[in-house]
Amino acid sequence: MGYFSNGMEGDIYMDEYCNNCVHDENLDCPVWALHLGYNQEAANNKTHWLNRFIPYNDEGFNEKCKMYINIEDLLKNLKWEA
């Protein structure tokens with residue numbers, strides 16, 4: 001739901017998704033910046049707009065960011081032409 005209850009939860013999420021995403025270049029991701037700024041506002045608020053970026057599942061855990069693009073998958077699918 002875009003809310004991280006503590007730094008460890010945020011770090012785990014970053015390790016799984018953000019650190020493997022093309023938008024994580026130099027920690028410049030706009031979605032992560034929004035979550036840092038509005039994290040407390042989103043706490044226990046299932047209708048908060050942050051949920052559109054990082055939705056939550058039925059168990060209340062954060063899912064993959066809607067802007068996530070895996071770097072390795074992107075590089076595998078690129079077709080370079082000379």
# chains A, B, ... in the order shown; residues from 1 in each chain; ligands from 1
call {"tool": "residues_around", "arguments": {"residues": "A:Gly37", "least_positions_apart": "5", "cutoff": "12 Å", "atoms": "only C-alpha atoms", "output": "MDAnalysis selection string"}}
result
chainID A and resid 2:4 30:32 42 50
call {"tool": "residues_around", "arguments": {"residues": "A:Cys18", "least_positions_apart": "6", "cutoff": "12 Å", "atoms": "only C-alpha atoms", "output": "list in words"}}
result
Gly10, Asp11, Ile12, Asp24, Glu25, Asn26, Leu27, Asp28, Cys29, Pro30, Val31, Trp32, Ala33, Ile54, Glu63, Lys64, Cys65, Lys66, Met67, Tyr68, Ile69, Asn70 and Ile71 of chain A
call {"tool": "select_by_dssp", "arguments": {"residues": "chain A", "states": "helix (DSSP H, G or I)", "output": "VMD selection string"}}
result
chain A and resid 7 to 16 18 to 20 22 to 27 30 to 42 49 to 52 71 to 77
call {"tool": "atom_distance", "arguments": {"atom1": "atom CA of A:Asn19", "atom2": "atom CA of A:Asn57"}}
result
21.3 Å
call {"tool": "residues_around", "arguments": {"residues": "A:Gly7", "least_positions_apart": "6", "cutoff": "12 Å", "atoms": "only C-alpha atoms", "output": "ChimeraX atom specification"}}
result
/A:13-14,36,39
call {"tool": "atom_distance", "arguments": {"atom1": "atom CA of A:His35", "atom2": "atom CA of A:Val22"}}
result
17.6 Å
call {"tool": "atom_distance", "arguments": {"atom1": "atom CA of A:Asn62", "atom2": "atom CA of A:Gln40"}}
result
14.9 Å
